[in-house]
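Structure file input-v5.pdb with PDB, C-alpha atoms:
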```
ATOM      1  CA  MET E 343     -16.442  -1.465   3.001
ATOM      2  CA  ARG E 344     -17.755  -4.691   1.492
ATOM      3  CA  LYS E 345     -16.079  -3.870  -1.842
ATOM      4  CA  ALA E 346     -12.807  -3.237  -0.015
ATOM      5  CA  PHE E 347     -13.067  -6.645   1.655
ATOM      6  CA  LYS E 348     -13.788  -8.356  -1.678
ATOM      7  CA  ASN E 349     -10.678  -6.752  -3.200
ATOM      8  CA  VAL E 350      -8.553  -7.854  -0.237
ATOM      9  CA  ARG E 351      -9.971 -11.392  -0.430
ATOM     10  CA  ARG E 352      -9.283 -11.557  -4.176
ATOM     11  CA  ASN E 353      -5.630 -10.569  -3.592
ATOM     12  CA  ARG E 354      -5.320 -13.280  -0.932
ATOM     13  CA  GLY E 355      -2.167 -12.829   1.122
ATOM     14  CA  ALA E 356      -0.791 -14.220   4.344
ATOM     15  CA  ALA E 357      -1.920 -13.406   7.867
ATOM     16  CA  GLY E 358      -0.316 -10.518   9.738
ATOM     17  CA  ILE E 359       1.044 -10.467  13.293
ATOM     18  CA  ASP E 360      -2.374 -11.415  14.718
ATOM     19  CA  LYS E 361      -2.332 -14.679  12.693
ATOM     20  CA  VAL E 362      -5.891 -13.985  11.441
ATOM     21  CA  SER E 363      -6.317 -15.208   7.867
ATOM     22  CA  ILE E 364      -8.816 -13.793   5.399
ATOM     23  CA  GLN E 365     -10.934 -16.921   5.875
ATOM     24  CA  MET E 366     -10.925 -16.470   9.660
ATOM     25  CA  PHE E 367     -11.897 -12.791   9.322
ATOM     26  CA  GLU E 368     -14.724 -13.792   7.001
ATOM     27  CA  VAL E 369     -16.314 -16.148   9.570
ATOM     28  CA  ASN E 370     -17.712 -13.083  11.414
ATOM     29  CA  LEU E 371     -17.605 -10.788   8.403
ATOM     30  CA  GLU E 372     -20.517  -8.466   9.215
ATOM     31  CA  GLU E 373     -19.430  -7.986  12.812
ATOM     32  CA  ASN E 374     -15.794  -7.437  11.790
ATOM     33  CA  LEU E 375     -16.673  -4.936   9.041
ATOM     34  CA  ASP E 376     -19.090  -3.065  11.332
ATOM     35  CA  SER E 377     -16.419  -2.819  14.030
ATOM     36  CA  LEU E 378     -13.867  -1.600  11.500
ATOM     37  CA  MET E 379     -16.304   0.982  10.122
ATOM     38  CA  ARG E 380     -17.056   2.310  13.624
ATOM     39  CA  ASP E 381     -13.350   2.606  14.415
ATOM     40  CA  LEU E 382     -12.601   4.356  11.112
ATOM     41  CA  LYS E 383     -15.454   6.836  11.633
ATOM     42  CA  THR E 384     -14.316   7.738  15.160
ATOM     43  CA  ARG E 385     -11.454  10.208  14.768
ATOM     44  CA  GLY E 386      -8.199   8.694  15.982
ATOM     45  CA  LYS E 387      -9.737   5.424  17.217
ATOM     46  CA  PHE E 388      -8.446   3.127  14.495
ATOM     47  CA  GLN E 389      -4.887   2.063  15.303
ATOM     48  CA  PRO E 390      -3.098  -0.056  12.699
ATOM     49  CA  LYS E 391      -1.072  -3.004  13.933
ATOM     50  CA  PRO E 392       2.639  -3.317  13.121
ATOM     51  CA  LEU E 393       3.517  -5.152   9.923
ATOM     52  CA  ARG E 394       4.821  -8.710  10.034
ATOM     53  CA  ARG E 395       8.262  -8.588   8.407
ATOM     54  CA  VAL E 396       9.294 -11.461   6.166
ATOM     55  CA  LEU E 397      12.309 -11.693   3.887
ATOM     56  CA  ILE E 398      11.677 -12.720   0.288
ATOM     57  CA  PRO E 399      14.582 -14.381  -1.586
ATOM     58  CA  LYS E 400      15.745 -12.370  -4.620
ATOM     59  CA  GLY E 401      18.506 -14.600  -5.960
ATOM     60  CA  LYS E 402      22.269 -14.587  -5.441
ATOM     61  CA  GLY E 403      21.649 -14.942  -1.711
ATOM     62  CA  LYS E 404      19.929 -11.566  -1.470
ATOM     63  CA  THR E 405      16.561 -10.897   0.137
ATOM     64  CA  ARG E 406      13.915  -8.189   0.014
ATOM     65  CA  PRO E 407      11.964  -7.232   3.136
ATOM     66  CA  LEU E 408       8.188  -7.462   2.858
ATOM     67  CA  GLY E 409       5.709  -6.101   5.399
ATOM     68  CA  ILE E 410       2.453  -8.022   5.826
ATOM     69  CA  PRO E 411      -0.436  -6.097   7.420
ATOM     70  CA  VAL E 412      -3.217  -7.770   9.393
ATOM     71  CA  VAL E 413      -6.406  -8.386   7.372
ATOM     72  CA  ARG E 414      -8.315  -5.603   9.165
ATOM     73  CA  ASP E 415      -5.601  -3.090   8.238
ATOM     74  CA  ARG E 416      -5.548  -4.309   4.620
ATOM     75  CA  ILE E 417      -9.263  -3.574   4.360
ATOM     76  CA  ALA E 418      -8.765  -0.088   5.832
ATOM     77  CA  GLN E 419      -5.886   0.496   3.385
ATOM     78  CA  GLU E 420      -8.112  -0.590   0.509
ATOM     79  CA  VAL E 421     -10.795   1.873   1.661
ATOM     80  CA  LEU E 422      -8.113   4.598   1.607
ATOM     81  CA  ARG E 423      -6.985   3.489  -1.858
ATOM     82  CA  GLN E 424     -10.573   3.701  -3.128
ATOM     83  CA  LEU E 425     -10.887   7.236  -1.737
ATOM     84  CA  LEU E 426      -7.480   8.551  -2.818
ATOM     85  CA  SER E 427      -6.994   6.846  -6.193
ATOM     86  CA  PRO E 428      -9.467   9.092  -8.085
ATOM     87  CA  ILE E 429      -7.694  12.135  -6.640
ATOM     88  CA  PHE E 430      -4.125  11.064  -7.404
ATOM     89  CA  GLU E 431      -4.416   9.024 -10.630
ATOM     90  CA  PRO E 432      -4.904  12.134 -12.818
ATOM     91  CA  LEU E 433      -1.756  13.672 -11.290
ATOM     92  CA  PHE E 434       0.567  10.801 -12.237
ATOM     93  CA  HIS E 435       2.720  10.870 -15.372
ATOM     94  CA  GLU E 436       1.050   9.221 -18.361
ATOM     95  CA  ASP E 437       4.131   7.053 -18.969
ATOM     96  CA  SER E 438       4.121   5.623 -15.442
ATOM     97  CA  PHE E 439       2.880   2.028 -15.623
ATOM     98  CA  GLY E 440       3.914   0.399 -12.340
ATOM     99  CA  PHE E 441       1.209  -0.429  -9.795
ATOM    100  CA  ARG E 442      -1.436   1.609 -11.603
ATOM    101  CA  PRO E 443      -5.014   0.530 -12.355
ATOM    102  CA  GLY E 444      -5.571  -0.456 -15.966
ATOM    103  CA  ARG E 445      -1.831  -0.452 -16.703
ATOM    104  CA  ASN E 446       0.621  -3.309 -17.015
ATOM    105  CA  CYS E 447       3.959  -4.319 -18.504
ATOM    106  CA  HIS E 448       2.361  -5.107 -21.882
ATOM    107  CA  LEU E 449       1.042  -1.549 -22.182
ATOM    108  CA  ALA E 450       4.459  -0.248 -21.131
ATOM    109  CA  LEU E 451       6.077  -2.283 -23.919
ATOM    110  CA  GLU E 452       3.529  -0.950 -26.409
ATOM    111  CA  ARG E 453       4.458   2.586 -25.309
ATOM    112  CA  VAL E 454       8.176   1.836 -25.772
ATOM    113  CA  LEU E 455       7.464   0.485 -29.274
ATOM    114  CA  ASP E 456       5.397   3.585 -30.053
ATOM    115  CA  LEU E 457       8.248   5.866 -28.933
ATOM    116  CA  TRP E 458      10.722   3.780 -30.967
ATOM    117  CA  GLN E 459       8.561   4.249 -34.062
ATOM    118  CA  GLN E 460       8.526   8.008 -33.371
ATOM    119  CA  GLY E 461      12.312   8.030 -33.633
ATOM    120  CA  TYR E 462      13.451   7.675 -30.047
ATOM    121  CA  LYS E 463      16.331   5.172 -30.042
ATOM    122  CA  VAL E 464      17.880   5.339 -26.559
ATOM    123  CA  VAL E 465      16.424   3.591 -23.514
ATOM    124  CA  LEU E 466      17.567   4.130 -19.951
ATOM    125  CA  ASP E 467      16.731   1.266 -17.615
ATOM    126  CA  ALA E 468      17.142   2.611 -14.096
ATOM    127  CA  ASP E 469      16.183   1.339 -10.677
ATOM    128  CA  ILE E 470      16.777   3.532  -7.666
ATOM    129  CA  GLN E 471      17.336   0.773  -5.138
ATOM    130  CA  GLY E 472      15.156   1.082  -2.060
ATOM    131  CA  PHE E 473      13.752   4.453  -3.135
ATOM    132  CA  PHE E 474      10.256   4.083  -1.685
ATOM    133  CA  ASP E 475      11.607   2.419   1.457
ATOM    134  CA  ASN E 476      13.603   5.555   2.279
ATOM    135  CA  ILE E 477      11.167   8.453   1.829
ATOM    136  CA  PRO E 478      10.773  10.255   5.180
ATOM    137  CA  HIS E 479       7.215  10.094   6.504
ATOM    138  CA  SER E 480       7.278  13.865   6.967
ATOM    139  CA  VAL E 481       7.809  14.335   3.214
ATOM    140  CA  ILE E 482       4.969  11.941   2.389
ATOM    141  CA  MET E 483       2.612  13.754   4.760
ATOM    142  CA  VAL E 484       3.490  17.235   3.436
ATOM    143  CA  GLU E 485       2.849  16.107  -0.142
ATOM    144  CA  LEU E 486      -0.390  14.350   0.814
ATOM    145  CA  ALA E 487      -1.627  17.396   2.753
ATOM    146  CA  SER E 488      -0.996  19.595  -0.287
ATOM    147  CA  VAL E 489      -3.737  17.654  -2.099
ATOM    148  CA  VAL E 490      -5.951  16.196   0.654
ATOM    149  CA  ALA E 491      -7.577  18.521   3.191
ATOM    150  CA  ASP E 492      -9.476  15.927   5.250
ATOM    151  CA  GLY E 493      -7.782  15.641   8.644
ATOM    152  CA  ASN E 494      -9.286  12.209   9.304
ATOM    153  CA  ILE E 495      -7.701  10.791   6.160
ATOM    154  CA  LEU E 496      -4.373  12.498   6.855
ATOM    155  CA  GLY E 497      -4.356  11.158  10.411
ATOM    156  CA  LEU E 498      -5.182   7.645   9.264
ATOM    157  CA  VAL E 499      -2.408   7.642   6.649
ATOM    158  CA  GLU E 500       0.068   8.920   9.233
ATOM    159  CA  ARG E 501      -0.931   6.181  11.694
ATOM    160  CA  PHE E 502      -0.356   3.564   8.982
ATOM    161  CA  LEU E 503       3.059   5.028   8.191
ATOM    162  CA  ARG E 504       4.076   4.967  11.854
ATOM    163  CA  ALA E 505       2.631   1.537  12.720
ATOM    164  CA  GLY E 506       6.084  -0.038  12.723
ATOM    165  CA  VAL E 507       7.104  -3.610  12.012
ATOM    166  CA  MET E 508       7.574  -6.780  14.019
ATOM    167  CA  GLU E 509      10.812  -8.589  13.182
ATOM    168  CA  ASN E 510      11.470 -11.851  14.996
ATOM    169  CA  GLY E 511       9.080 -10.815  17.763
ATOM    170  CA  VAL E 512      10.716  -7.401  18.250
ATOM    171  CA  PHE E 513       8.844  -4.154  17.502
ATOM    172  CA  LYS E 514      10.748  -1.689  15.313
ATOM    173  CA  PRO E 515       9.357   1.825  14.803
ATOM    174  CA  THR E 516       9.289   3.302  11.304
ATOM    175  CA  THR E 517      10.008   6.876  10.216
ATOM    176  CA  VAL E 518      10.713   6.249   6.535
ATOM    177  CA  GLY E 519       9.166   4.202   3.750
TER
END
```

Before we go any further, please render this structure as structure tokens.
Amino acid sequence: MRKAFKNVRRNRGAAGIDKVSIQMFEVNLEENLDSLMRDLKTRGKFQPKPLRRVLIPKGKGKTRPLGIPVVRDRIAQEVLRQLLSPIFEPLFHEDSFGFRPGRNCHLALERVLDLWQQGYKVVLDADIQGFFDNIPHSVIMVELASVVADGNILGLVERFLRAGVMENGVFKPTTVG
């Protein structure tokens, strides 16, 4: 739990809908982490808060929606990542470099150069716009359950998926993404 908090603190990030910053959470760190641990250990007790929706400018007048979780939820998500990453990392394609530990754009470029030297000369640059934002939660849960048997973890992931978002003070439920 402490390692999860340190990772969240290192990544910084804005406050969620509760307006509690990382620094504010840290004032009563032991009490806050103990409370979070108790809630996570009690089946079904931990209830994630809705995300705070902000729009990030992308250029040409376009924006990209970003959901900001409360600090407490970020720590719980990091605990989940620590548990699930060793299970799922070996299943991912070796040429997948995005958002993976120990991988970055420089390694991706090295791989492209390596493939070029092997004789591959065509590159397809594709971006399926909004792909991850449109995966039905039911599909995510079926795939997760095919690998993870722990009902507590499955329930926690499902509660995160269904936590919804707050946009301009209005709660919006989520069923995809």

query: So, counting all atoms listed in the file, which residue among E:Glu485, E:Asp492, E:Pro392, E:Leu425 is closest to E:Met508?
result: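 Nearest to E:Met508: E:Pro392.
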
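For the pair atom CA of E:Leu397 and atom CA of E:Val350, the separation is 21.6 Å.
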
query: So what do you get for atom CA of E:Ala346 versus atom CA of E:Ala450, distance-wise?
result: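 Taking atom CA of E:Ala346 and atom CA of E:Ala450, their separation equals 27.4 Å.
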
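By chain and then residue number, the residues within 10 Å of E:Arg504 are Pro390, Lys391, Pro392, His479, Leu498, Val499, Pro515, Thr516, Thr517, Val518 and Gly519 of chain E, counting only C-alpha atoms and disregarding those fewer than 5 positions away in sequence.
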
- prompt: So, counting all atoms listed in the file, which residue among E:Asp415, E:Phe513, E:Val490, E:Leu455 is closest to E:Asp381?
  reply: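 Closest candidate: E:Asp415.
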
message: Please expand the PyMOL selection byres ((chain E and resi 398-407) around 12) into the concrete residues it hits in this file, giving the result as a VMD selection string.
response: chain E and resid 393 to 397 408 to 410 471 to 472 475 507 to 509 519

message: Can you measure atom CA of E:Leu486 to atom CA of E:Lys348 for me? One decimal in Å is fine.
response: 26.5 Å

- request: Evaluate the PyMOL selection byres ((chain E and resi 364-372) around 12) on the structure here and hand back the selected residues as a count of residues only.
  value: 32

message: Let me make sure I understand: among E:Leu451, E:Pro478, E:Gly497, E:Asn446, which one has the smallest atom-to-atom distance to E:Val465 if we use all atoms listed in the file?
response: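 Closest residue, counting all atoms listed in the file: E:Leu451.
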
Return as JSON the box centre and box size in Å, one decimal, for an axis-aligned box around all listed atoms of stretch 408-413 of chain E padded by 6 Å per side.
```
{"center_x": 0.9, "center_y": -7.2, "center_z": 6.1, "size_x": 26.6, "size_y": 14.3, "size_z": 18.5}
```

task: Please evaluate the PyMOL selection byres ((chain E and resi 433-441) around 12) against the structure above and give the resulting residues as a PyMOL selection string.
output: chain E and resi 426-432+442-454+456-457+489

query: For E:Glu420, which of E:Lys387, E:Lys345, E:Lys463, E:Lys514 is the closest residue, counting only C-alpha atoms?
result: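 The shortest atom-to-atom distance to E:Glu420 comes from E:Lys345.
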
When you get a chance, write out N, CA and C atoms for stretch 486-516 of chain E, as a PDB file, in the coordinates of the input.
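That gives us part15.pdb:
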```pdb
ATOM      1  N   LEU E 486       1.005  14.782   0.728  1.00  0.00           N
ATOM      2  CA  LEU E 486      -0.390  14.350   0.814  1.00  0.00           C
ATOM      3  C   LEU E 486      -1.280  15.510   1.243  1.00  0.00           C
ATOM      4  N   ALA E 487      -0.835  16.270   2.238  1.00  0.00           N
ATOM      5  CA  ALA E 487      -1.627  17.396   2.753  1.00  0.00           C
ATOM      6  C   ALA E 487      -1.766  18.518   1.732  1.00  0.00           C
ATOM      7  N   SER E 488      -0.878  18.562   0.748  1.00  0.00           N
ATOM      8  CA  SER E 488      -0.996  19.595  -0.287  1.00  0.00           C
ATOM      9  C   SER E 488      -2.149  19.297  -1.245  1.00  0.00           C
ATOM     10  N   VAL E 489      -2.652  18.062  -1.208  1.00  0.00           N
ATOM     11  CA  VAL E 489      -3.737  17.654  -2.099  1.00  0.00           C
ATOM     12  C   VAL E 489      -5.003  17.271  -1.324  1.00  0.00           C
ATOM     13  N   VAL E 490      -4.829  16.688  -0.152  1.00  0.00           N
ATOM     14  CA  VAL E 490      -5.951  16.196   0.654  1.00  0.00           C
ATOM     15  C   VAL E 490      -6.118  17.090   1.879  1.00  0.00           C
ATOM     16  N   ALA E 491      -7.323  17.621   2.062  1.00  0.00           N
ATOM     17  CA  ALA E 491      -7.577  18.521   3.191  1.00  0.00           C
ATOM     18  C   ALA E 491      -8.212  17.816   4.387  1.00  0.00           C
ATOM     19  N   ASP E 492      -8.747  16.628   4.197  1.00  0.00           N
ATOM     20  CA  ASP E 492      -9.476  15.927   5.250  1.00  0.00           C
ATOM     21  C   ASP E 492      -8.520  15.430   6.342  1.00  0.00           C
ATOM     22  N   GLY E 493      -8.646  16.002   7.528  1.00  0.00           N
ATOM     23  CA  GLY E 493      -7.782  15.641   8.644  1.00  0.00           C
ATOM     24  C   GLY E 493      -7.912  14.201   9.079  1.00  0.00           C
ATOM     25  N   ASN E 494      -9.107  13.618   8.945  1.00  0.00           N
ATOM     26  CA  ASN E 494      -9.286  12.209   9.304  1.00  0.00           C
ATOM     27  C   ASN E 494      -8.455  11.308   8.400  1.00  0.00           C
ATOM     28  N   ILE E 495      -8.479  11.596   7.112  1.00  0.00           N
ATOM     29  CA  ILE E 495      -7.701  10.791   6.160  1.00  0.00           C
ATOM     30  C   ILE E 495      -6.212  10.987   6.408  1.00  0.00           C
ATOM     31  N   LEU E 496      -5.790  12.231   6.599  1.00  0.00           N
ATOM     32  CA  LEU E 496      -4.373  12.498   6.855  1.00  0.00           C
ATOM     33  C   LEU E 496      -3.901  11.779   8.119  1.00  0.00           C
ATOM     34  N   GLY E 497      -4.717  11.831   9.165  1.00  0.00           N
ATOM     35  CA  GLY E 497      -4.356  11.158  10.411  1.00  0.00           C
ATOM     36  C   GLY E 497      -4.263   9.656  10.245  1.00  0.00           C
ATOM     37  N   LEU E 498      -5.185   9.089   9.489  1.00  0.00           N
ATOM     38  CA  LEU E 498      -5.182   7.645   9.264  1.00  0.00           C
ATOM     39  C   LEU E 498      -3.942   7.220   8.481  1.00  0.00           C
ATOM     40  N   VAL E 499      -3.609   7.962   7.428  1.00  0.00           N
ATOM     41  CA  VAL E 499      -2.408   7.642   6.649  1.00  0.00           C
ATOM     42  C   VAL E 499      -1.174   7.729   7.544  1.00  0.00           C
ATOM     43  N   GLU E 500      -1.094   8.766   8.357  1.00  0.00           N
ATOM     44  CA  GLU E 500       0.068   8.920   9.233  1.00  0.00           C
ATOM     45  C   GLU E 500       0.167   7.765  10.236  1.00  0.00           C
ATOM     46  N   ARG E 501      -0.959   7.322  10.768  1.00  0.00           N
ATOM     47  CA  ARG E 501      -0.931   6.181  11.694  1.00  0.00           C
ATOM     48  C   ARG E 501      -0.456   4.909  10.988  1.00  0.00           C
ATOM     49  N   PHE E 502      -0.855   4.719   9.734  1.00  0.00           N
ATOM     50  CA  PHE E 502      -0.356   3.564   8.982  1.00  0.00           C
ATOM     51  C   PHE E 502       1.157   3.668   8.785  1.00  0.00           C
ATOM     52  N   LEU E 503       1.628   4.854   8.422  1.00  0.00           N
ATOM     53  CA  LEU E 503       3.059   5.028   8.191  1.00  0.00           C
ATOM     54  C   LEU E 503       3.872   4.739   9.448  1.00  0.00           C
ATOM     55  N   ARG E 504       3.335   5.089  10.594  1.00  0.00           N
ATOM     56  CA  ARG E 504       4.076   4.967  11.854  1.00  0.00           C
ATOM     57  C   ARG E 504       3.745   3.692  12.637  1.00  0.00           C
ATOM     58  N   ALA E 505       3.046   2.758  12.013  1.00  0.00           N
ATOM     59  CA  ALA E 505       2.631   1.537  12.720  1.00  0.00           C
ATOM     60  C   ALA E 505       3.805   0.639  13.101  1.00  0.00           C
ATOM     61  N   GLY E 506       4.913   0.764  12.413  1.00  0.00           N
ATOM     62  CA  GLY E 506       6.084  -0.038  12.723  1.00  0.00           C
ATOM     63  C   GLY E 506       6.006  -1.443  12.153  1.00  0.00           C
ATOM     64  N   VAL E 507       7.032  -2.222  12.471  1.00  0.00           N
ATOM     65  CA  VAL E 507       7.104  -3.610  12.012  1.00  0.00           C
ATOM     66  C   VAL E 507       7.532  -4.509  13.170  1.00  0.00           C
ATOM     67  N   MET E 508       7.118  -5.752  13.078  1.00  0.00           N
ATOM     68  CA  MET E 508       7.574  -6.780  14.019  1.00  0.00           C
ATOM     69  C   MET E 508       8.549  -7.675  13.270  1.00  0.00           C
ATOM     70  N   GLU E 509       9.791  -7.719  13.764  1.00  0.00           N
ATOM     71  CA  GLU E 509      10.812  -8.589  13.182  1.00  0.00           C
ATOM     72  C   GLU E 509      11.288  -9.544  14.258  1.00  0.00           C
ATOM     73  N   ASN E 510      11.057 -10.828  14.031  1.00  0.00           N
ATOM     74  CA  ASN E 510      11.470 -11.851  14.996  1.00  0.00           C
ATOM     75  C   ASN E 510      10.954 -11.545  16.399  1.00  0.00           C
ATOM     76  N   GLY E 511       9.701 -11.088  16.477  1.00  0.00           N
ATOM     77  CA  GLY E 511       9.080 -10.815  17.763  1.00  0.00           C
ATOM     78  C   GLY E 511       9.470  -9.496  18.407  1.00  0.00           C
ATOM     79  N   VAL E 512      10.261  -8.684  17.704  1.00  0.00           N
ATOM     80  CA  VAL E 512      10.716  -7.401  18.250  1.00  0.00           C
ATOM     81  C   VAL E 512      10.083  -6.265  17.453  1.00  0.00           C
ATOM     82  N   PHE E 513       9.452  -5.308  18.163  1.00  0.00           N
ATOM     83  CA  PHE E 513       8.844  -4.154  17.502  1.00  0.00           C
ATOM     84  C   PHE E 513       9.929  -3.179  17.075  1.00  0.00           C
ATOM     85  N   LYS E 514       9.828  -2.708  15.828  1.00  0.00           N
ATOM     86  CA  LYS E 514      10.748  -1.689  15.313  1.00  0.00           C
ATOM     87  C   LYS E 514       9.917  -0.541  14.762  1.00  0.00           C
ATOM     88  N   PRO E 515      10.107   0.675  15.312  1.00  0.00           N
ATOM     89  CA  PRO E 515       9.357   1.825  14.803  1.00  0.00           C
ATOM     90  C   PRO E 515       9.814   2.183  13.393  1.00  0.00           C
ATOM     91  N   THR E 516       8.945   2.876  12.658  1.00  0.00           N
ATOM     92  CA  THR E 516       9.289   3.302  11.304  1.00  0.00           C
ATOM     93  C   THR E 516       9.133   4.813  11.182  1.00  0.00           C
TER      94      THR E 516
END
```
